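Source file: my_file_22.cif; contents: mmCIF, C-alpha atoms and all ligand atoms.
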data_data
#
loop_
_atom_site.label_atom_id
_atom_site.label_comp_id
_atom_site.auth_asym_id
_atom_site.auth_seq_id
_atom_site.Cartn_x
_atom_site.Cartn_y
_atom_site.Cartn_z
CA MET X 1 74.84 85.18 103.98
CA ALA X 2 76.96 82.95 106.19
CA GLY X 3 78.37 86.03 107.88
CA HIS X 4 81.91 87.16 108.16
CA PRO X 5 84.14 86.60 111.11
CA GLU X 6 83.81 88.84 114.16
CA VAL X 7 87.14 90.51 114.84
CA THR X 8 88.44 92.39 117.87
CA ILE X 9 91.31 94.82 117.55
CA VAL X 10 93.07 96.66 120.32
CA HIS X 11 94.35 100.05 119.17
CA SER X 12 96.96 101.94 121.12
CA SER X 13 99.67 104.46 120.26
CA ASP X 14 102.31 106.75 121.70
CA LEU X 15 103.67 104.27 124.23
CA HIS X 16 106.99 106.16 124.04
CA LEU X 17 108.90 103.12 125.28
CA GLY X 18 112.42 103.93 126.37
CA THR X 19 111.62 107.48 127.49
CA ASP X 20 114.67 108.79 129.32
CA ASP X 21 113.39 109.55 132.80
CA SER X 22 116.43 109.67 135.03
CA PHE X 23 114.28 110.58 138.07
CA SER X 24 112.41 107.30 137.94
CA GLU X 25 113.47 103.71 138.50
CA ARG X 26 110.45 102.60 136.51
CA ASP X 27 110.96 100.01 133.78
CA ARG X 28 111.22 101.88 130.48
CA LEU X 29 109.20 99.15 128.77
CA ALA X 30 106.43 99.06 131.40
CA ASN X 31 103.66 100.23 129.06
CA LEU X 32 104.20 97.38 126.61
CA PRO X 33 103.10 94.45 128.84
CA LYS X 34 100.27 96.63 130.19
CA VAL X 35 98.87 97.14 126.70
CA LEU X 36 99.34 93.47 125.78
CA ASP X 37 97.65 92.34 129.02
CA ALA X 38 94.67 94.58 128.23
CA ALA X 39 94.54 92.99 124.76
CA LEU X 40 94.49 89.50 126.29
CA SER X 41 91.72 90.53 128.68
CA VAL X 42 89.41 91.45 125.78
CA GLU X 43 90.61 88.52 123.64
CA ALA X 44 91.90 90.79 120.91
CA ASN X 45 92.70 89.09 117.62
CA VAL X 46 95.14 91.82 116.60
CA VAL X 47 96.96 94.60 118.44
CA LEU X 48 97.72 97.76 116.46
CA LEU X 49 100.23 100.33 117.71
CA ALA X 50 99.71 103.51 115.69
CA GLY X 51 103.09 105.18 116.00
CA ASP X 52 105.63 106.43 118.55
CA SER X 53 105.82 103.03 120.21
CA PHE X 54 109.39 104.06 121.06
CA ASP X 55 110.30 107.53 122.23
CA ASN X 56 113.59 107.73 120.32
CA HIS X 57 116.24 105.60 118.62
CA ARG X 58 118.89 106.04 121.34
CA GLN X 59 118.01 102.72 122.95
CA PRO X 60 120.47 100.06 124.05
CA VAL X 61 120.23 96.83 122.07
CA GLU X 62 119.48 95.01 125.34
CA LEU X 63 116.26 97.02 125.75
CA LEU X 64 115.25 96.32 122.15
CA GLU X 65 115.92 92.61 122.56
CA ARG X 66 113.80 92.58 125.70
CA ALA X 67 110.96 94.36 123.86
CA ALA X 68 111.24 91.77 121.07
CA GLN X 69 111.02 88.97 123.66
CA ILE X 70 107.91 90.50 125.29
CA LEU X 71 106.25 90.66 121.87
CA ARG X 72 107.38 87.11 120.99
CA ASP X 73 105.99 85.77 124.28
CA TYR X 74 102.68 87.51 123.60
CA ALA X 75 102.53 85.28 120.49
CA ARG X 76 99.44 86.88 118.92
CA PRO X 77 99.46 89.25 115.92
CA VAL X 78 100.83 92.75 116.56
CA VAL X 79 100.98 95.43 113.84
CA ILE X 80 103.33 98.37 114.39
CA LEU X 81 103.19 101.64 112.43
CA PRO X 82 106.43 103.65 112.80
CA GLY X 83 105.69 107.28 113.77
CA ASN X 84 107.64 110.54 113.92
CA HIS X 85 109.50 109.51 117.09
CA ASP X 86 110.39 106.02 115.80
CA PRO X 87 110.69 106.35 112.02
CA LEU X 88 112.45 103.79 109.80
CA THR X 89 115.76 105.65 109.61
CA PRO X 90 118.97 103.58 109.20
CA ASP X 91 119.54 103.67 113.00
CA SER X 92 115.88 102.87 113.78
CA VAL X 93 114.95 100.81 116.84
CA TYR X 94 113.19 98.51 114.36
CA ARG X 95 116.42 97.76 112.48
CA ARG X 96 118.44 96.80 115.57
CA GLY X 97 117.67 94.27 118.29
CA GLY X 98 115.57 91.88 116.24
CA LEU X 99 112.12 93.51 116.39
CA GLY X 100 111.75 93.00 112.65
CA GLU X 101 112.30 89.23 113.00
CA VAL X 102 109.55 88.45 115.52
CA SER X 103 107.19 86.19 113.57
CA ASN X 104 103.95 87.53 115.10
CA VAL X 105 104.98 91.19 114.63
CA SER X 106 104.34 93.09 111.40
CA ILE X 107 106.13 96.42 111.07
CA LEU X 108 104.59 98.49 108.28
CA GLY X 109 107.27 99.67 105.85
CA LEU X 110 109.86 97.21 107.20
CA ASN X 111 108.93 93.51 107.19
CA VAL X 112 105.65 94.19 105.39
CA ASP X 113 105.09 96.85 102.73
CA LYS X 114 102.03 99.10 103.11
CA ALA X 115 99.50 96.56 104.35
CA VAL X 116 99.12 93.46 106.49
CA LEU X 117 96.56 90.89 105.40
CA PHE X 118 94.78 88.56 107.81
CA PRO X 119 92.82 86.14 105.58
CA GLU X 120 91.53 84.24 108.64
CA PHE X 121 89.75 87.42 109.78
CA ASP X 122 88.93 88.75 106.28
CA LEU X 123 90.85 91.83 107.47
CA GLU X 124 93.53 94.14 106.13
CA ILE X 125 95.41 96.86 107.98
CA TRP X 126 97.22 99.50 105.95
CA GLY X 127 99.25 102.56 106.80
CA HIS X 128 102.15 104.73 105.70
CA ALA X 129 105.15 104.49 107.99
CA HIS X 130 107.25 107.51 108.80
CA PHE X 131 110.65 106.91 107.21
CA ASP X 132 112.43 110.00 108.54
CA TYR X 133 111.72 113.16 110.54
CA THR X 134 110.48 115.28 107.63
CA ASP X 135 106.87 116.02 106.78
CA MET X 136 104.71 113.43 105.08
CA SER X 137 101.02 112.85 104.43
CA PRO X 138 99.87 110.02 106.72
CA LEU X 139 96.66 109.15 104.84
CA ALA X 140 97.67 109.85 101.22
CA ASN X 141 96.69 107.37 98.51
CA PRO X 142 94.13 105.30 100.43
CA ARG X 143 94.30 101.59 99.74
CA PRO X 144 91.35 100.14 97.79
CA ARG X 145 89.58 97.62 99.99
CA THR X 146 90.35 93.94 99.30
CA THR X 147 88.79 92.37 102.42
CA ARG X 148 85.48 92.56 104.31
CA TRP X 149 87.11 94.51 107.10
CA GLN X 150 89.58 97.28 106.54
CA LEU X 151 91.49 99.33 109.08
CA ALA X 152 93.62 102.33 108.14
CA ALA X 153 96.37 103.43 110.52
CA ALA X 154 97.94 106.88 110.48
CA HIS X 155 100.27 108.83 112.70
CA GLY X 156 99.78 112.59 112.50
CA HIS X 157 97.86 115.67 113.47
CA TYR X 158 94.18 115.89 112.59
CA VAL X 159 92.77 119.19 111.36
CA ASP X 160 89.06 119.66 110.89
CA GLU X 161 89.31 122.43 108.27
CA ALA X 162 89.45 121.75 104.57
CA ARG X 163 92.90 121.64 103.04
CA ASP X 164 94.38 125.09 102.44
CA PRO X 165 97.08 125.09 99.75
CA ASN X 166 98.50 128.34 101.12
CA ARG X 167 98.91 127.03 104.61
CA MET X 168 102.43 125.76 105.16
CA ILE X 169 102.28 125.38 108.93
CA GLY X 170 101.99 122.02 110.59
CA SER X 171 103.46 118.64 109.93
CA TRP X 172 101.98 115.21 109.25
CA LEU X 173 98.54 116.72 108.78
CA ILE X 174 95.45 114.56 108.40
CA HIS X 175 92.42 116.30 106.89
CA ARG X 176 88.79 115.40 107.33
CA GLU X 177 88.31 114.62 103.64
CA GLU X 178 91.21 112.19 103.84
CA LEU X 179 89.51 110.31 106.68
CA LEU X 180 86.38 110.00 104.53
CA ALA X 181 88.37 108.99 101.44
CA THR X 182 89.71 105.89 103.20
CA SER X 183 86.21 104.32 103.34
CA ALA X 184 87.77 102.19 106.07
CA ASP X 185 85.74 100.54 108.82
CA TYR X 186 88.02 102.20 111.35
CA VAL X 187 90.84 104.73 111.16
CA ALA X 188 93.36 104.19 113.98
CA LEU X 189 95.17 107.43 114.73
CA GLY X 190 98.26 108.18 116.74
CA HIS X 191 100.25 111.30 117.75
CA TRP X 192 97.91 112.84 120.33
CA ASN X 193 98.09 111.97 124.01
CA GLN X 194 94.35 112.19 124.56
CA SER X 195 91.80 109.60 123.53
CA ILE X 196 89.27 111.23 121.22
CA ALA X 197 87.08 110.60 118.19
CA VAL X 198 87.57 112.93 115.21
CA GLY X 199 85.76 113.51 111.91
CA ASN X 200 82.29 114.41 113.26
CA GLY X 201 81.01 110.84 113.27
CA ASP X 202 81.03 110.50 109.49
CA VAL X 203 83.77 107.92 109.80
CA ASN X 204 85.04 105.76 112.68
CA ALA X 205 88.27 107.67 113.31
CA HIS X 206 89.79 107.66 116.76
CA TYR X 207 92.95 108.61 118.56
CA SER X 208 93.64 106.02 121.24
CA GLY X 209 95.79 108.44 123.20
CA SER X 210 98.93 107.48 125.05
CA PRO X 211 98.23 104.72 127.61
CA GLU X 212 100.47 106.64 130.01
CA TYR X 213 97.96 109.51 130.06
CA THR X 214 94.64 107.80 129.39
CA GLY X 215 95.12 104.53 131.29
CA THR X 216 93.15 102.86 128.50
CA VAL X 217 93.40 101.26 125.08
CA ASN X 218 90.72 101.40 122.38
CA VAL X 219 88.81 98.19 121.73
CA VAL X 220 87.37 97.96 118.23
CA ARG X 221 84.90 95.18 117.49
CA PHE X 222 83.94 94.40 113.91
CA LYS X 223 80.64 92.59 114.44
CA LYS X 224 78.99 89.77 112.53
CA ASP X 225 76.09 92.05 111.53
CA GLY X 226 78.52 94.46 109.86
CA SER X 227 78.51 97.08 112.59
CA VAL X 228 81.57 98.50 114.33
CA GLU X 229 81.73 99.00 118.09
CA VAL X 230 84.39 101.20 119.64
CA GLY X 231 85.02 100.98 123.38
CA LYS X 232 87.86 101.05 125.85
CA ALA X 233 89.69 98.68 128.14
CA GLN X 234 91.41 99.88 131.30
CA LEU X 235 95.07 99.14 131.86
CA ARG X 236 95.89 97.43 135.13
MN MN X 301 103.99 111.54 117.23
#
So, in terms of structure tokens, how does the structure I just supplied come out?
Ligand SMILES: [Mn+2]
Amino acid sequence: MAGHPEVTIVHSSDLHLGTDDSFSERDRLANLPKVLDAALSVEANVVLLAGDSFDNHRQPVELLERAAQILRDYARPVVILPGNHDPLTPDSVYRRGGLGEVSNVSILGLNVDKAVLFPEFDLEIWGHAHFDYTDMSPLANPRPRTTRWQLAAAHGHYVDEARDPNRMIGSWLIHREELLATSADYVALGHWNQSIAVGNGDVNAHYSGSPEYTGTVNVVRFKKDGSVEVGKAQLR
């Protein structure tokens, strides 16, 4: 076999750009260039942001235009999954300020449907965007694999127990059997601030955590020999 391409993906989530912190003079977009710089340092082919990239939709258009420019200047592929803080509502940050028109940025559910294909890497990334603030099932209806490498992205709350039809508590739940049902090479999770693997090692499923709290991003390497390596890169 000639071998398939080796691919490096940087996975982050919960950047919460635009957080209203009136006690700080800090740039509200500061975490975005930090994550992109970390991606450059490990020569990532694709950056995936698994939800809550923005804290809320009450952002001035100027801030959104500046975020779009930072992403445009980065120039490499970025895939964004809208989460429960930045869903694709009519007033969404992704529908104002031009973020949906940046050619190297794919926003799941907006300028691409449920998946982004990268033929040059024999890779597909799929995920269900949040469209509003109500409950949804982040890993429902897993996409049948069409490429050598497949990454599933989901924004929600992982629970280790089997699904309980009588349990009505909790929103955006992700169950262990749903992780397994993806058969993906890597499941990129968002919603939790801490960086942690879930699913008992039966599947490569990881929360990246918020870079604000962890100071890191996840670095996922799909290797030529078919193995998957998951590590971290420090933010500077
Ligand atoms: Mn969230």
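Closest approach to ligand MN 301 (chain X) from the set X:Arg66, X:Arg143, X:Arg221, X:His157 is made by X:His157, with distances taken over all atoms listed in the file.
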List every protein, DNA or RNA residue that has at least one atom no more than 6 Å from (86.7, 87.9, 105.0) in the file's coordinates, counting all atoms listed in the file, and write the result as a PDB file with C-alpha atoms, in the coordinates of the input.
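Heads up, here's the output in out39.pdb:
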ATOM      1  CA  HIS X   4      81.910  87.160 108.160  1.00  0.00           C
ATOM      2  CA  PHE X 121      89.750  87.420 109.780  1.00  0.00           C
ATOM      3  CA  ASP X 122      88.930  88.750 106.280  1.00  0.00           C
ATOM      4  CA  THR X 147      88.790  92.370 102.420  1.00  0.00           C
ATOM      5  CA  ARG X 148      85.480  92.560 104.310  1.00  0.00           C
TER       6      ARG X 148
END
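Closest approach to ligand MN 301 (chain X) among X:Pro144, X:Gly18, X:Gly83, X:Gly201 is made by X:Gly83 (distances from all atoms listed in the file).
When atom CA of Asp202 of chain X is paired with atom CA of Ala129 of chain X, their separation reads 24.9 Å.
When atom CA of Arg145 of chain X is paired with atom CA of Glu6 of chain X, their separation reads 17.6 Å.
Here atom CA of Val35 of chain X is placed at a distance of 11.3 Å from atom CA of Val219 of chain X.
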May I ask you to restore N, CA and C atoms in segment 48-76 of chain X and write the result as a PDB file, in the frame of the given file?
ATOM      1  N   LEU X  48      97.142  96.768 117.359  1.00  0.00           N
ATOM      2  CA  LEU X  48      97.720  97.760 116.460  1.00  0.00           C
ATOM      3  C   LEU X  48      98.307  98.909 117.279  1.00  0.00           C
ATOM      4  N   LEU X  49      99.566  99.198 117.045  1.00  0.00           N
ATOM      5  CA  LEU X  49     100.230 100.330 117.710  1.00  0.00           C
ATOM      6  C   LEU X  49     100.490 101.394 116.653  1.00  0.00           C
ATOM      7  N   ALA X  50      99.758 102.521 116.771  1.00  0.00           N
ATOM      8  CA  ALA X  50      99.710 103.510 115.690  1.00  0.00           C
ATOM      9  C   ALA X  50     100.754 104.615 115.837  1.00  0.00           C
ATOM     10  N   GLY X  51     102.001 104.219 116.049  1.00  0.00           N
ATOM     11  CA  GLY X  51     103.090 105.180 116.000  1.00  0.00           C
ATOM     12  C   GLY X  51     103.630 105.615 117.346  1.00  0.00           C
ATOM     13  N   ASP X  52     104.924 105.995 117.337  1.00  0.00           N
ATOM     14  CA  ASP X  52     105.630 106.430 118.550  1.00  0.00           C
ATOM     15  C   ASP X  52     105.577 105.366 119.646  1.00  0.00           C
ATOM     16  N   SER X  53     105.708 104.117 119.230  1.00  0.00           N
ATOM     17  CA  SER X  53     105.820 103.030 120.210  1.00  0.00           C
ATOM     18  C   SER X  53     107.088 103.227 121.032  1.00  0.00           C
ATOM     19  N   PHE X  54     108.150 103.700 120.369  1.00  0.00           N
ATOM     20  CA  PHE X  54     109.390 104.060 121.060  1.00  0.00           C
ATOM     21  C   PHE X  54     109.549 105.572 121.053  1.00  0.00           C
ATOM     22  N   ASP X  55     110.154 106.089 122.109  1.00  0.00           N
ATOM     23  CA  ASP X  55     110.300 107.530 122.230  1.00  0.00           C
ATOM     24  C   ASP X  55     111.398 108.074 121.319  1.00  0.00           C
ATOM     25  N   ASN X  56     112.464 107.290 121.152  1.00  0.00           N
ATOM     26  CA  ASN X  56     113.590 107.730 120.320  1.00  0.00           C
ATOM     27  C   ASN X  56     114.456 106.516 119.994  1.00  0.00           C
ATOM     28  N   HIS X  57     115.412 106.718 119.093  1.00  0.00           N
ATOM     29  CA  HIS X  57     116.240 105.600 118.620  1.00  0.00           C
ATOM     30  C   HIS X  57     117.461 105.343 119.498  1.00  0.00           C
ATOM     31  N   ARG X  58     117.698 106.198 120.493  1.00  0.00           N
ATOM     32  CA  ARG X  58     118.890 106.040 121.340  1.00  0.00           C
ATOM     33  C   ARG X  58     118.621 104.994 122.425  1.00  0.00           C
ATOM     34  N   GLN X  59     118.341 103.796 122.014  1.00  0.00           N
ATOM     35  CA  GLN X  59     118.010 102.720 122.950  1.00  0.00           C
ATOM     36  C   GLN X  59     119.089 101.646 122.903  1.00  0.00           C
ATOM     37  N   PRO X  60     119.510 101.158 124.068  1.00  0.00           N
ATOM     38  CA  PRO X  60     120.470 100.060 124.050  1.00  0.00           C
ATOM     39  C   PRO X  60     119.869  98.807 123.422  1.00  0.00           C
ATOM     40  N   VAL X  61     120.714  98.041 122.746  1.00  0.00           N
ATOM     41  CA  VAL X  61     120.230  96.830 122.070  1.00  0.00           C
ATOM     42  C   VAL X  61     119.567  95.892 123.074  1.00  0.00           C
ATOM     43  N   GLU X  62     120.069  95.887 124.299  1.00  0.00           N
ATOM     44  CA  GLU X  62     119.480  95.010 125.340  1.00  0.00           C
ATOM     45  C   GLU X  62     118.006  95.325 125.553  1.00  0.00           C
ATOM     46  N   LEU X  63     117.657  96.632 125.564  1.00  0.00           N
ATOM     47  CA  LEU X  63     116.260  97.020 125.750  1.00  0.00           C
ATOM     48  C   LEU X  63     115.409  96.579 124.553  1.00  0.00           C
ATOM     49  N   LEU X  64     115.989  96.712 123.352  1.00  0.00           N
ATOM     50  CA  LEU X  64     115.250  96.320 122.150  1.00  0.00           C
ATOM     51  C   LEU X  64     115.035  94.819 122.111  1.00  0.00           C
ATOM     52  N   GLU X  65     116.048  94.068 122.529  1.00  0.00           N
ATOM     53  CA  GLU X  65     115.920  92.610 122.560  1.00  0.00           C
ATOM     54  C   GLU X  65     114.862  92.169 123.571  1.00  0.00           C
ATOM     55  N   ARG X  66     114.799  92.907 124.691  1.00  0.00           N
ATOM     56  CA  ARG X  66     113.800  92.580 125.700  1.00  0.00           C
ATOM     57  C   ARG X  66     112.391  92.902 125.184  1.00  0.00           C
ATOM     58  N   ALA X  67     112.252  94.019 124.473  1.00  0.00           N
ATOM     59  CA  ALA X  67     110.960  94.360 123.860  1.00  0.00           C
ATOM     60  C   ALA X  67     110.551  93.279 122.861  1.00  0.00           C
ATOM     61  N   ALA X  68     111.521  92.825 122.055  1.00  0.00           N
ATOM     62  CA  ALA X  68     111.240  91.770 121.070  1.00  0.00           C
ATOM     63  C   ALA X  68     110.780  90.498 121.779  1.00  0.00           C
ATOM     64  N   GLN X  69     111.392  90.186 122.919  1.00  0.00           N
ATOM     65  CA  GLN X  69     111.020  88.970 123.660  1.00  0.00           C
ATOM     66  C   GLN X  69     109.611  89.096 124.253  1.00  0.00           C
ATOM     67  N   ILE X  70     109.268  90.279 124.753  1.00  0.00           N
ATOM     68  CA  ILE X  70     107.910  90.500 125.290  1.00  0.00           C
ATOM     69  C   ILE X  70     106.872  90.282 124.190  1.00  0.00           C
ATOM     70  N   LEU X  71     107.175  90.811 123.000  1.00  0.00           N
ATOM     71  CA  LEU X  71     106.250  90.660 121.870  1.00  0.00           C
ATOM     72  C   LEU X  71     106.181  89.205 121.404  1.00  0.00           C
ATOM     73  N   ARG X  72     107.327  88.525 121.389  1.00  0.00           N
ATOM     74  CA  ARG X  72     107.380  87.110 120.990  1.00  0.00           C
ATOM     75  C   ARG X  72     106.575  86.263 121.972  1.00  0.00           C
ATOM     76  N   ASP X  73     106.719  86.528 123.258  1.00  0.00           N
ATOM     77  CA  ASP X  73     105.990  85.770 124.280  1.00  0.00           C
ATOM     78  C   ASP X  73     104.483  86.009 124.186  1.00  0.00           C
ATOM     79  N   TYR X  74     104.101  87.198 123.772  1.00  0.00           N
ATOM     80  CA  TYR X  74     102.680  87.510 123.600  1.00  0.00           C
ATOM     81  C   TYR X  74     102.059  86.602 122.537  1.00  0.00           C
ATOM     82  N   ALA X  75     102.823  86.330 121.478  1.00  0.00           N
ATOM     83  CA  ALA X  75     102.530  85.280 120.490  1.00  0.00           C
ATOM     84  C   ALA X  75     101.363  85.548 119.551  1.00  0.00           C
ATOM     85  N   ARG X  76     100.553  86.564 119.824  1.00  0.00           N
ATOM     86  CA  ARG X  76      99.440  86.880 118.920  1.00  0.00           C
ATOM     87  C   ARG X  76      99.833  88.025 117.995  1.00  0.00           C
TER      88      ARG X  76
END
